Structures are given as C-alpha cells and as structure tokens.
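Visitor: Once you've had a glance at the structure underneath, I'll fire off some questions.
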Amino acid sequence: MSLIEQIDADFLTAYKAHDELKTSVLRLLKSSLKNKSIEKKDNLTEEEAFKVLRKEVKQRQDSAKEYSDAGRPDSAEKELSESKIIEAYLPAEMSEDVIRGIAVETLQDLGITEMKDMGRAMGAVIGKTNGQADGGLVSKIVRELLNK
C-alpha cells in the first residue's frame, strides 16, 4: 500500500472513530498531497510525498517553538501532537554517524575537497540518504568535512 493510500485509509478509520485531532491532521495531509500533485500535474512518487510530509512536520515544529516562546503552551502542545501523527508516516531518520559515513564516501568518490563545491556535495549526499536525513544535519556534516 502506498503512502497516500495508507493516509486515505487511516483518515477513514480516524473519521469513523471520531478521532478529531487525527482526522483533521490527515485531512490536511491529504489536501497538501493533492495540492502538490496538482502543482506537479502528475501523481506523486513516494519520495515526493515524504518531502511534503517532512515540510508539514517542520512547519508544526516551528509553530510549536513560536507558541512556546509566546507563552502559549497549550497551542504548542497541539502542534507537537500533530507533528507526531505526521511523523508516524515517515521512514526512520538516519543517525548522524551513518550520514557522516555517506558524506565521507560521497566526497571521496566525487573528489570534492573545497567549499566552492558545497552545492554539488549536498545534492549527492542528500540523494544517497533517500530522504531519511534532515537537510540541516547533512549540511552541517558536509560543511565540517569540507572545512578540514
């Protein structure tokens, strides 16, 4: 079952169970995925769907931080709860050590040793992580390796 089909099935289950939080989160995910599909003018691949979900998680985590900073813990908690529901559909993140190993190997294979090739290095490393690594962490690791 594809990710989009799984979200559709879980939406119906949550709706029938009157789980309002999960229903609203899954409804929003369905909408975001549909909008991205319309924008692309084709069906989404699994990887593209994962990117949409990661974006939604990041938005909620950023909103939770904003709410916490503004002294609104109830709203922050709601955002974090929504984030956890979405994260359940994402593959497990790679550890920093695994990402570092991929980055070292990729930089050696491509012969990249200077910061001017950071963009090419990032593209190659991100491509090898199959969407299972945070872009910020990959950037930090690649930057460290190139600054040695």
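Identifiers in the structure tokens: chain A, B, ... in order shown; residue index from 1 per chain; ligand index from 1 in order shown.
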List the neighbours of A:Phe50 out to 10 Å using only C-alpha atoms; skip same-chain residues closer than 6 positions along the sequence, and give me the result as a PyMOL selection string.

Guide: chain A and resi 3-4+33+44+56+87+89-91+131-132

Visitor: Output all heavy atoms for every residue in that selection, as an mmCIF file, in the first residue's frame.

Guide:
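Output file part.cif is given in full below:
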data_model
loop_
_atom_site.group_PDB
_atom_site.id
_atom_site.type_symbol
_atom_site.label_atom_id
_atom_site.label_comp_id
_atom_site.auth_asym_id
_atom_site.auth_seq_id
_atom_site.Cartn_x
_atom_site.Cartn_y
_atom_site.Cartn_z
ATOM 1 N N LEU A 3 1.988 5.272 0.389
ATOM 2 C CA LEU A 3 1.835 6.224 1.494
ATOM 3 C C LEU A 3 0.499 6.959 1.394
ATOM 4 O O LEU A 3 -0.221 7.096 2.388
ATOM 5 C CB LEU A 3 2.993 7.223 1.475
ATOM 6 C CG LEU A 3 2.905 8.357 2.481
ATOM 7 C CD1 LEU A 3 2.981 7.812 3.902
ATOM 8 C CD2 LEU A 3 4.008 9.362 2.247
ATOM 9 N N ILE A 4 0.161 7.405 0.197
ATOM 10 C CA ILE A 4 -1.078 8.166 0.009
ATOM 11 C C ILE A 4 -2.298 7.281 0.286
ATOM 12 O O ILE A 4 -3.253 7.711 0.945
ATOM 13 C CB ILE A 4 -1.119 8.789 -1.398
ATOM 14 C CG1 ILE A 4 0.001 9.841 -1.501
ATOM 15 C CG2 ILE A 4 -2.479 9.407 -1.695
ATOM 16 C CD1 ILE A 4 0.230 10.394 -2.882
ATOM 17 N N LEU A 33 -0.988 16.900 -0.064
ATOM 18 C CA LEU A 33 -0.528 15.952 -1.081
ATOM 19 C C LEU A 33 -1.250 16.174 -2.406
ATOM 20 O O LEU A 33 -0.637 16.131 -3.474
ATOM 21 C CB LEU A 33 -0.712 14.513 -0.589
ATOM 22 C CG LEU A 33 0.202 14.092 0.560
ATOM 23 C CD1 LEU A 33 -0.292 12.810 1.199
ATOM 24 C CD2 LEU A 33 1.644 13.954 0.091
ATOM 25 N N LEU A 44 2.242 11.851 -7.386
ATOM 26 C CA LEU A 44 3.478 11.995 -6.627
ATOM 27 C C LEU A 44 4.160 10.648 -6.452
ATOM 28 O O LEU A 44 3.493 9.628 -6.268
ATOM 29 C CB LEU A 44 3.192 12.581 -5.244
ATOM 30 C CG LEU A 44 2.586 13.974 -5.167
ATOM 31 C CD1 LEU A 44 2.346 14.358 -3.716
ATOM 32 C CD2 LEU A 44 3.490 14.990 -5.828
ATOM 33 N N GLU A 56 5.479 19.477 6.333
ATOM 34 C CA GLU A 56 4.384 19.668 7.297
ATOM 35 C C GLU A 56 4.886 19.494 8.737
ATOM 36 O O GLU A 56 4.490 20.242 9.637
ATOM 37 C CB GLU A 56 3.246 18.689 7.009
ATOM 38 C CG GLU A 56 2.533 18.932 5.694
ATOM 39 C CD GLU A 56 1.736 20.226 5.649
ATOM 40 O OE1 GLU A 56 1.328 20.736 6.707
ATOM 41 O OE2 GLU A 56 1.526 20.729 4.533
ATOM 42 N N GLU A 87 4.711 12.323 11.702
ATOM 43 C CA GLU A 87 5.989 11.608 11.742
ATOM 44 C C GLU A 87 5.805 10.099 11.668
ATOM 45 O O GLU A 87 6.688 9.390 11.185
ATOM 46 C CB GLU A 87 6.765 11.968 13.005
ATOM 47 C CG GLU A 87 7.383 13.340 12.959
ATOM 48 C CD GLU A 87 8.025 13.757 14.265
ATOM 49 O OE1 GLU A 87 7.759 13.118 15.314
ATOM 50 O OE2 GLU A 87 8.791 14.725 14.248
ATOM 51 N N TYR A 89 4.195 8.497 9.651
ATOM 52 C CA TYR A 89 4.159 8.083 8.247
ATOM 53 C C TYR A 89 5.515 8.209 7.558
ATOM 54 O O TYR A 89 5.651 7.806 6.411
ATOM 55 C CB TYR A 89 3.116 8.912 7.477
ATOM 56 C CG TYR A 89 1.723 8.618 7.939
ATOM 57 C CD1 TYR A 89 1.091 9.433 8.873
ATOM 58 C CD2 TYR A 89 1.036 7.508 7.474
ATOM 59 C CE1 TYR A 89 -0.186 9.154 9.322
ATOM 60 C CE2 TYR A 89 -0.234 7.221 7.914
ATOM 61 C CZ TYR A 89 -0.840 8.035 8.837
ATOM 62 O OH TYR A 89 -2.096 7.748 9.283
ATOM 63 N N LEU A 90 6.480 8.768 8.247
ATOM 64 C CA LEU A 90 7.807 8.974 7.656
ATOM 65 C C LEU A 90 8.746 7.825 8.019
ATOM 66 O O LEU A 90 8.634 7.241 9.097
ATOM 67 C CB LEU A 90 8.410 10.289 8.159
ATOM 68 C CG LEU A 90 7.730 11.552 7.680
ATOM 69 C CD1 LEU A 90 8.263 12.764 8.429
ATOM 70 C CD2 LEU A 90 7.932 11.722 6.192
ATOM 71 N N PRO A 91 9.702 7.512 7.125
ATOM 72 C CA PRO A 91 10.694 6.491 7.459
ATOM 73 C C PRO A 91 11.594 7.009 8.575
ATOM 74 O O PRO A 91 11.723 8.225 8.768
ATOM 75 C CB PRO A 91 11.471 6.294 6.157
ATOM 76 C CG PRO A 91 11.245 7.531 5.373
ATOM 77 C CD PRO A 91 9.902 8.061 5.789
ATOM 78 N N GLY A 131 16.095 10.463 1.400
ATOM 79 C CA GLY A 131 15.113 11.227 2.157
ATOM 80 C C GLY A 131 15.016 10.855 3.620
ATOM 81 O O GLY A 131 14.057 11.219 4.290
ATOM 82 N N GLN A 132 15.994 10.127 4.129
ATOM 83 C CA GLN A 132 15.942 9.707 5.521
ATOM 84 C C GLN A 132 16.881 10.503 6.408
ATOM 85 O O GLN A 132 17.260 10.063 7.484
ATOM 86 C CB GLN A 132 16.269 8.215 5.633
ATOM 87 C CG GLN A 132 15.235 7.337 4.966
ATOM 88 C CD GLN A 132 15.599 5.873 5.054
ATOM 89 O OE1 GLN A 132 16.750 5.507 4.910
ATOM 90 N NE2 GLN A 132 14.602 5.042 5.300
#

Visitor: With only C-alpha atoms as the counted atoms, please give the residues lying no more than 6 Å from stretch 57-66 of chain A, apart from itself and same-chain residues fewer than 4 positions off, as an MDAnalysis selection string.

Guide: chainID A and resid 76 79 83

Visitor: Only C-alpha atoms, please: the residues just picked out, written as an mmCIF file, in the first residue's frame.

Guide:
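The resulting file, selection11.cif, is shown below:
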data_model
loop_
_atom_site.group_PDB
_atom_site.id
_atom_site.type_symbol
_atom_site.label_atom_id
_atom_site.label_comp_id
_atom_site.auth_asym_id
_atom_site.auth_seq_id
_atom_site.Cartn_x
_atom_site.Cartn_y
_atom_site.Cartn_z
ATOM 1 C CA ALA A 76 2.484 24.401 21.304
ATOM 2 C CA GLU A 79 1.256 21.475 17.213
ATOM 3 C CA SER A 83 3.697 16.639 14.311
#

Visitor: Give me the residues near A:Gly119 as a list in words, where near means some atom within 12 Å (using only C-alpha atoms) and where sequence neighbours in that chain fewer than 5 positions away do not count.

Guide: Leu107, Ile112, Glu114, Ala124, Val125, Ile126, Val138, Ser139, Val142, Arg143 and Leu146 of chain A

Visitor: Using DSSP assignments from the backbone, pull out every residue in chain A that falls under alpha helix (DSSP H) and give it to me as a VMD selection string.

Guide: chain A and resid 3 to 16 20 to 40 46 to 69 73 to 87 96 to 110 118 to 128 135 to 146

Visitor: What does the distance between atom CA of A:Ser31 and atom CA of A:Ala17 come to in Å, to one decimal place?

Guide: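 We find that atom CA of A:Ser31 and atom CA of A:Ala17 lie 20.5 Å from each other.
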
Visitor: Under the rule that only C-alpha atoms are counted, which of A:His18, A:Ile85, A:Ser2, A:Leu26 is the nearest residue to A:Glu46?

Guide: A:Ser2
